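Student: Please see the structure below; I have some questions.
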Amino acid sequence: MISDLKVHIGPLYILQGVSFQLRKGETFFLIGRNGAGKSTLLKTLVGFIKPSSGSIVFEGKDITYQPPYVRAKLGIRYVPDNKRLFASLSVEDNLLASLLAEGLSRSKAMDRIEYVYSLFPDLKRLRKLKASQLSGGQQQMLNLARAIASPSLKLLLADEPVEGLSPIFVSKILEAFSKLVEEGVTMVIVETMPVIMKKLSGRCAILNAGRIVFEGSTEDLLKNEIIMKTYFGLA
Amino acid sequence: MSIEILLSAIIDGIALGFVLLMLSLGFSVIFGLMRIANFAHGSLFTLGAYLGFEVASRTGNIVYGLLAASSIGLIGLVIERFLLKPKRDPMMQVIITAGLMMLLDRLAWLRWGDVPYIWIPKGLEGVVRYGPIIMHSYRLFIIVVGIFISIVTYYLFTKTRYGLFVRAGIDDREMIQVFGVNIEKIFTITFAIGSILAGVAGFLLVPWQGVYPLIGTNYLLYAFAIVIIGGMGSIEGTIISSMLVGIIQQLCAYYVPYLSEVSIGIAMFLVLIMKPEGLLGKVIE
Amino acid sequence: MRNLIPFIYFIILMLLPILFDRMGVARLIAIFTYAYIMSIFAISFSLLLGYLGLLCFGQALFFGLGAYVTAYQLLWLGIPYPLALIISAITGSLMGLAVAFINRKVFRGIPFTFITLSVLLIFYFLYRRRELRAISGGEQGLMIPLPEVFRSEMLSLVLILIFVIMLIDAIYVLKRRREVYGDIPTKEKKSVFREILLLCLVCIVYLLAVAVLTFYIALKPGPFRASINMYIISLTVLCVIYILLRKLLNTPLALAWIAIRDNEVRAKTMGYNSFMLKTVALVISGAIASVAGGLYVLYSQNINPDSAFSPLISIQALIYSIIGGIYMIEGPIVGAILVTFIERYLAEYFGGWNMVFVGVMFIIVVFFLAKGVSYYLWVVQNRIFPKLPSIIRGKIGYLTHFKSIKSFGKYRHMLHRNHRAH
């Protein structure tokens with residue numbers, strides 16, 4: 001499964017010719033300063049933004065101009081950086097909505113929801129609460145849970161999944177990610193902290209002002225002192 | 001101030017409230033989900049009233065009238081598909097619906113003229129007595145139908161898959177697509193349902209207030225107030241505020257006529273200034 | 001010499017009543033009068049929509065206010081009409097200020113539309129109350145008698161005012177050109193001479209036209225005079241507003257408006273105070289709409305809540321503006337005349353279908369002729385005239401010199417909104 005992407009010149013010239021390939025089952029990190037275009041790249045992959053040129057090919061299909069709901073059928077899921085939960089719906093309804101949207105029957109959906117609860121017992125406890133009533137960490141858990149609930153998940157696009165979370169939540173989310181890697185899900189993760197990359201190895205690329213300036217494996221990145229200093233302020 | 005008159009006014013208010021609810025709910029959901037301020041909604045109300053009237057007065061059967069009124073949903077479908085879908089910019093949608101309102105109102109005027117029509121189904125002309133209280137039987141009928149439709153609509157929006165998608169879509173239109181919902185289809189269905197509600201509401205009002213070409217647009221002004229007060233896109237808010245407005249309007253009509261419309265206008269204005277999202281609402285640009 | 005084109009149009013319009021009367025369709029005079037008044041109203045609406053992207057459904061508020069305030073002045077305060085109009089305009093601008101203040105938190109898009117609509121509705125509902133019959137006139141409305149001056153035959157001399165304004169303007173343009181381009185080389189002197197000759201020619205024609213008109217009116221009985229005088233006054237006011245607005249839209253203010261319309265955030269970061277700019281627009285728009293209302297009161301000699309504050313009036317402005325084109329001043333004028341003509345004059349031939357036709361036309365314009373009829377007319381003008389044989393063009397070239405975009409104002413080429421989300 002290859003995602004060969006050349007998204008040029010997005011809105012307001014955000015993405016100026018980005019291309020990379022993804023191998024099936026690998027974890028790919030997108031690093032970069034704020035405003036470099038990482039979120040925009042993910043949004044273009046999801047379908048919220050239409051690129052002005054370039055193409056996105058997923059498993060042989062050209063999905064560049066397809067709306068998000070078509071991409072969903074191919075197994076692409078998105079975890080946005082500002083949670084974007086369905087605020088007035090309950091936790092369980094949030095999960096239900098994401099599963100029914102795929103076309104699952106209600107009983108299968110409930111099965112999947114039970115599975116999600118097994119991964120995130122906290123959510124089970126909170127299932128009837130309105131999404132807006134959860135704490136930040138819990139909301140992010142729900143955010144992620146919604147995306148991974150899908151049984152046909154092939155590609156997960158996560159935008160800063162652990163931003164602003166306390167260590168407990170971070171570790172829970174990392175657990176979930178590890179499980180996904182085991183299951184062979186391809187992941188594109190936008191990150192600003194090296195913590196995640198230490199735990200999950202894979203490839204990464206650095207995006208700066210709309211272009212990729214570095215591409216390599218996570219080990220290489222972590223060993224590269226210049227990069228660590230410039231982008232993460234660490235020696 | 002006798003209790004009987006008060007109760008009578010309240011019952012009338014509830015009946016009106018149901019009619020307003022059906023009209024406003026469609027408008028509110030359409031705006032909440034699709035960000036379309038459908039100014040033609042009132043015209044759909046008018047057309048539903050006329051169509052239902054035509055069928056009902058010929059067949060003498062109110063059920064057929066109701067069915068005819070629901071066919072407005074088809075018109076709504078056509079409007080959404082061909083006139084609204086191509087241009088999704090919010091301002092353009094307002095302009096298009098405003099023009100549509102004018103067009104439909106004029107068509108109605110052309111076909112049926114200025115004179116108001118009224119038709120009352122047999123068996124519902126009279127009044128019902130309960131002890132000292134006198135209630136118009138037709139208004140009770142409206143309440144019954146209103147309750148029935150409310151239950152159906154409630155079921156639709158809370159228990160079905162479609163309802164879930166609509167509620168999720170009102171919260172976040174883009175994210176629901178990420179999970180696989182074809183939002184365009186949901187839009188079209190929602191618009192059709194809203195239109196059906198408007199048409200049926202229009203017809204329900206015929207035996208009570210009659211029908212004339214501008215009736216829908218007049219009541220649309222009330223619907224604006226209701227939706228602004230209750231909150232755009234908030235289903236609970238619309239329910240509460242339409243009942244409130246219905247009751248207040250009738251109470252005022254009975255007791256203090258000079259306040260009825262103005263009070264609602266002022267309430268709308270105050271809400272807009274102080275809490276633009278409405279009392280319970282969630283949508284503001 | 002492009003400045004002369006409006007002159008010529010004006011002369012034609014000025015003499016139309018004579019034509020109509022000769023053709024036996026005198027009622028077209030009243031129809032066109034109404035169209036001019038509505039043009040003024042539509043201009044006020046279109047200014048907000050085309051230049052600022054603000055859809056003001058409460059525009060009838062200013063119109064109705066202007067109408068009623070004028071009525072009050074004429075009926076109860078005995079203020080002469082011209083002064084009454086000015087005072088109404090001031091009232092309108094104050095109302096515009098109030099509306100701007102009310103909107104101060106959300107001054108854009110749909111919230112703005114709804115807030116202005118709700119303010120309008122308050123007035124509408126209020127005035128419809130039977131208890132306020134004294135000031136609203138109830139359903140019949142207030143009756144306003146026509147001031148005596150309208151029966152006079154000398155009123156048309158008001159047109160001299162326009163003449164003076166246009167003359168000053170033309171001379172000013174010539175002078176400025178001289179300043180900008182320095183002293184004119186001998187070769188050019190010929191064309192300048194030609195231009196001045198042309199100017200004098202047009203002036204003479206103009207004055208002749210006014211004289212003809214005045215004589216014609218003098219020959220006619222009282223009521224007919226009133227109707228023509230109303231026509232003339234409306235046309236005059238329309239003209240004055242048109243000229244003033246043209247000047248205004250050539251200033252950087254208009255450019256700032258366009259900037260805000262296209263990308264408010266960016267405009268703000270560039271230093272434009274969007275609130276102040278929008279307020280100014282509302283004040284101007286309010287004044288213009290109130291003037292329209294004031295004229296309307298005299299035209300129909302009657303004003304009631306439904307003809308003053310009904311939201312349908314705002315919708316009418318929308319129709320005129322969209323059909324005519326919201327990006328040019330000529331747009332609302334063309335739209336108002338066109339729609340009014342179809343709605344009022346063609347009724348007898350089409351028995352009601354003409355009204356429906358306007359609605360259909362609206363939909364068609366919205367979908368296919370997005371920039372409005374006037375834009376496409378302008379394009380046609382520009383495409384057809386250059387096709388005239390070049391000899392003729394050479395001789396009267398400056399008369400038909402439409403080619404430059406500058407014909408319609410310095411910043412006109414920036415006016416048309418880029419087709420983005422549409």
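Chain identifiers are assigned as A, B, and so on, following the order in which chains appear in the structure tokens; residues are numbered from 1 within each chain, and ligands are numbered from 1 in order of appearance.
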Per residue of chain B within 8 Å of chain A, what are the shortest atom pair and its distance in Å to one decimal, counting only C-alpha atoms, with rows by chain and residue number, as JSON lines?
Tutor:
```
{"residue": "B:Arg161", "atom": "CA", "partner": "A:Leu100", "partner_atom": "CA", "distance": 7.0}
{"residue": "B:Leu164", "atom": "CA", "partner": "A:Ala97", "partner_atom": "CA", "distance": 6.4}
{"residue": "B:Phe165", "atom": "CA", "partner": "A:Ala97", "partner_atom": "CA", "distance": 6.6}
{"residue": "B:Arg167", "atom": "CA", "partner": "A:Leu89", "partner_atom": "CA", "distance": 7.7}
{"residue": "B:Ala168", "atom": "CA", "partner": "A:Phe86", "partner_atom": "CA", "distance": 5.5}
{"residue": "B:Asp171", "atom": "CA", "partner": "A:Phe86", "partner_atom": "CA", "distance": 5.4}
{"residue": "B:Asp172", "atom": "CA", "partner": "A:Phe86", "partner_atom": "CA", "distance": 6.3}
{"residue": "B:Glu174", "atom": "CA", "partner": "A:Phe48", "partner_atom": "CA", "distance": 7.4}
{"residue": "B:Met175", "atom": "CA", "partner": "A:Arg84", "partner_atom": "CA", "distance": 7.2}
{"residue": "B:Ile176", "atom": "CA", "partner": "A:Ser98", "partner_atom": "CA", "distance": 7.1}
{"residue": "B:Gln177", "atom": "CA", "partner": "A:Tyr69", "partner_atom": "CA", "distance": 4.7}
{"residue": "B:Val178", "atom": "CA", "partner": "A:Pro68", "partner_atom": "CA", "distance": 5.1}
{"residue": "B:Phe179", "atom": "CA", "partner": "A:Ser98", "partner_atom": "CA", "distance": 5.3}
{"residue": "B:Gly180", "atom": "CA", "partner": "A:Tyr69", "partner_atom": "CA", "distance": 4.0}
{"residue": "B:Val181", "atom": "CA", "partner": "A:Ala101", "partner_atom": "CA", "distance": 5.1}
{"residue": "B:Asn182", "atom": "CA", "partner": "A:Tyr69", "partner_atom": "CA", "distance": 5.8}
```
Student: So which residues touch Gly73 (chain B) within 8 Å, counting only C-alpha atoms, skipping near sequence neighbours fewer than 3 positions away, as a VMD selection string?
Tutor: chain B and resid 70 76 to 77 191 to 196 199
Student: When you draw a straight line from CA of Gly109 (chain C) to CA of Val339 (chain C), how long is it in Å?
Tutor: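 Result for CA of Gly109 (chain C) versus CA of Val339 (chain C): 26.3 Å, one decimal.
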Student: Near Cys203 (chain C), counting only C-alpha atoms, which residues have an atom at most 12 Å away, once you skip same-chain residues fewer than 4 positions from it, shown as a list in words?
Tutor: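 Near neighbours after the sequence-gap exclusion: Leu4, Phe7, Ile8, Ile11, Ile160, Ile162, Phe163, Val164, Ile165, Met166, Leu167, Ile168, Ala170, Ile196, Leu197, Leu198, Leu199, Leu207, Leu208, Ala209 and Val210 of chain C.
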Student: If you run DSSP on the backbone here, which positions in region 159-222 of chain A get strand (DSSP E)? Please write them as a PyMOL selection string.
Tutor: chain A and resi 159+186-191+203-208+211-217
Student: Output N, CA and C atoms of each residue in that selection to a file, as a PDB file, in the first residue's frame.
Tutor:
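Contents of the output file out_0.pdb:
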```
ATOM      1  N   ASP A 159      -3.074  13.943  14.050  1.00  0.00           N
ATOM      2  CA  ASP A 159      -2.461  15.266  14.150  1.00  0.00           C
ATOM      3  C   ASP A 159      -2.205  15.578  15.617  1.00  0.00           C
ATOM      4  N   THR A 186      -1.122   1.313   8.882  1.00  0.00           N
ATOM      5  CA  THR A 186      -0.179   2.349   8.496  1.00  0.00           C
ATOM      6  C   THR A 186      -0.562   3.638   9.211  1.00  0.00           C
ATOM      7  N   MET A 187       0.424   4.337   9.706  1.00  0.00           N
ATOM      8  CA  MET A 187       0.101   5.556  10.431  1.00  0.00           C
ATOM      9  C   MET A 187       0.943   6.734  10.000  1.00  0.00           C
ATOM     10  N   VAL A 188       0.301   7.854   9.887  1.00  0.00           N
ATOM     11  CA  VAL A 188       1.022   9.106   9.658  1.00  0.00           C
ATOM     12  C   VAL A 188       0.741   9.974  10.868  1.00  0.00           C
ATOM     13  N   ILE A 189       1.801  10.283  11.594  1.00  0.00           N
ATOM     14  CA  ILE A 189       1.595  11.029  12.831  1.00  0.00           C
ATOM     15  C   ILE A 189       2.336  12.354  12.755  1.00  0.00           C
ATOM     16  N   VAL A 190       1.594  13.400  13.021  1.00  0.00           N
ATOM     17  CA  VAL A 190       2.227  14.711  13.107  1.00  0.00           C
ATOM     18  C   VAL A 190       2.632  14.923  14.548  1.00  0.00           C
ATOM     19  N   GLU A 191       3.881  15.243  14.765  1.00  0.00           N
ATOM     20  CA  GLU A 191       4.338  15.360  16.134  1.00  0.00           C
ATOM     21  C   GLU A 191       5.278  16.537  16.315  1.00  0.00           C
ATOM     22  N   ARG A 203       9.670   5.756  10.004  1.00  0.00           N
ATOM     23  CA  ARG A 203      10.344   6.773   9.218  1.00  0.00           C
ATOM     24  C   ARG A 203       9.801   8.120   9.593  1.00  0.00           C
ATOM     25  N   CYS A 204      10.526   9.163   9.215  1.00  0.00           N
ATOM     26  CA  CYS A 204       9.973  10.485   9.478  1.00  0.00           C
ATOM     27  C   CYS A 204      10.467  11.489   8.456  1.00  0.00           C
ATOM     28  N   ALA A 205       9.778  12.581   8.405  1.00  0.00           N
ATOM     29  CA  ALA A 205      10.161  13.646   7.494  1.00  0.00           C
ATOM     30  C   ALA A 205       9.946  14.957   8.208  1.00  0.00           C
ATOM     31  N   ILE A 206      10.762  15.899   7.873  1.00  0.00           N
ATOM     32  CA  ILE A 206      10.611  17.221   8.480  1.00  0.00           C
ATOM     33  C   ILE A 206      10.077  18.184   7.440  1.00  0.00           C
ATOM     34  N   LEU A 207       9.061  18.864   7.850  1.00  0.00           N
ATOM     35  CA  LEU A 207       8.409  19.808   6.948  1.00  0.00           C
ATOM     36  C   LEU A 207       8.755  21.215   7.409  1.00  0.00           C
ATOM     37  N   ASN A 208       9.281  21.999   6.492  1.00  0.00           N
ATOM     38  CA  ASN A 208       9.594  23.371   6.860  1.00  0.00           C
ATOM     39  C   ASN A 208       9.105  24.318   5.770  1.00  0.00           C
ATOM     40  N   ARG A 211       7.968  22.555   2.578  1.00  0.00           N
ATOM     41  CA  ARG A 211       8.749  21.576   1.840  1.00  0.00           C
ATOM     42  C   ARG A 211       9.380  20.569   2.784  1.00  0.00           C
ATOM     43  N   ILE A 212       9.617  19.408   2.234  1.00  0.00           N
ATOM     44  CA  ILE A 212      10.289  18.395   3.048  1.00  0.00           C
ATOM     45  C   ILE A 212      11.782  18.634   3.004  1.00  0.00           C
ATOM     46  N   VAL A 213      12.353  18.735   4.169  1.00  0.00           N
ATOM     47  CA  VAL A 213      13.788  19.022   4.180  1.00  0.00           C
ATOM     48  C   VAL A 213      14.631  17.864   4.703  1.00  0.00           C
ATOM     49  N   PHE A 214      13.962  16.847   5.194  1.00  0.00           N
ATOM     50  CA  PHE A 214      14.719  15.723   5.719  1.00  0.00           C
ATOM     51  C   PHE A 214      13.827  14.508   5.676  1.00  0.00           C
ATOM     52  N   GLU A 215      14.415  13.410   5.353  1.00  0.00           N
ATOM     53  CA  GLU A 215      13.611  12.195   5.349  1.00  0.00           C
ATOM     54  C   GLU A 215      14.503  11.041   5.759  1.00  0.00           C
ATOM     55  N   GLY A 216      14.043  10.264   6.691  1.00  0.00           N
ATOM     56  CA  GLY A 216      14.903   9.146   7.110  1.00  0.00           C
ATOM     57  C   GLY A 216      14.234   8.349   8.201  1.00  0.00           C
ATOM     58  N   SER A 217      14.962   7.527   8.843  1.00  0.00           N
ATOM     59  CA  SER A 217      14.367   6.705   9.890  1.00  0.00           C
ATOM     60  C   SER A 217      14.412   7.458  11.205  1.00  0.00           C
TER      61      SER A 217
END
```
Student: What are the residues of chain C lining chain B at 6 Å or less? Count only C-alpha atoms, and put the answer as a list in words.
Tutor: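 Selected residues: Ser118, Ile122, Phe125, Leu126, Arg129, Gly352, Val356 and Gly359 of chain C.
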Student: Can you list, as a count of residues only, every protein, DNA or RNA residue that comes within 10 Å of Ile49 (chain A) when you count only C-alpha atoms, leaving out same-chain residues fewer than 4 positions away?
Tutor: 12
Student: Near Ile319 (chain C), within 12 Å and counting only C-alpha atoms, which residues show up once chain neighbours fewer than 6 positions away are dropped, as a count of residues only?
Tutor: 43
Student: Which residues of region 131-180 of chain C come within 6 Å of region 295-307 of chain C, and for each one, what is the closest pair of atoms and their distance in Å to one decimal, counting only C-alpha atoms, sorted by chain and residue number, as CSV?
Tutor:
```
residue,atom,partner,partner_atom,distance
C:Gly141,CA,C:Asn304,CA,3.9
C:Leu142,CA,C:Ile303,CA,5.3
C:Met143,CA,C:Asn302,CA,4.6
C:Ile144,CA,C:Gln301,CA,4.7
```
Student: Could you name the residues that touch Val211 (chain B) at 7 Å or less, counting only C-alpha atoms, but leaving out those on the same chain fewer than 3 positions away, as number ranges by chain?
Tutor: B: 49-50, 116-118, 206, 215
Student: List the neighbours of Leu95 (chain A) out to 8 Å using only C-alpha atoms; skip same-chain residues closer than 4 positions along the sequence, and give me the result as a list of chain:residue names.
Tutor: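 Those residues are A:Val91, A:Leu99, A:Ile113, A:Leu142, A:Ala145, A:Arg146, A:Ala149.
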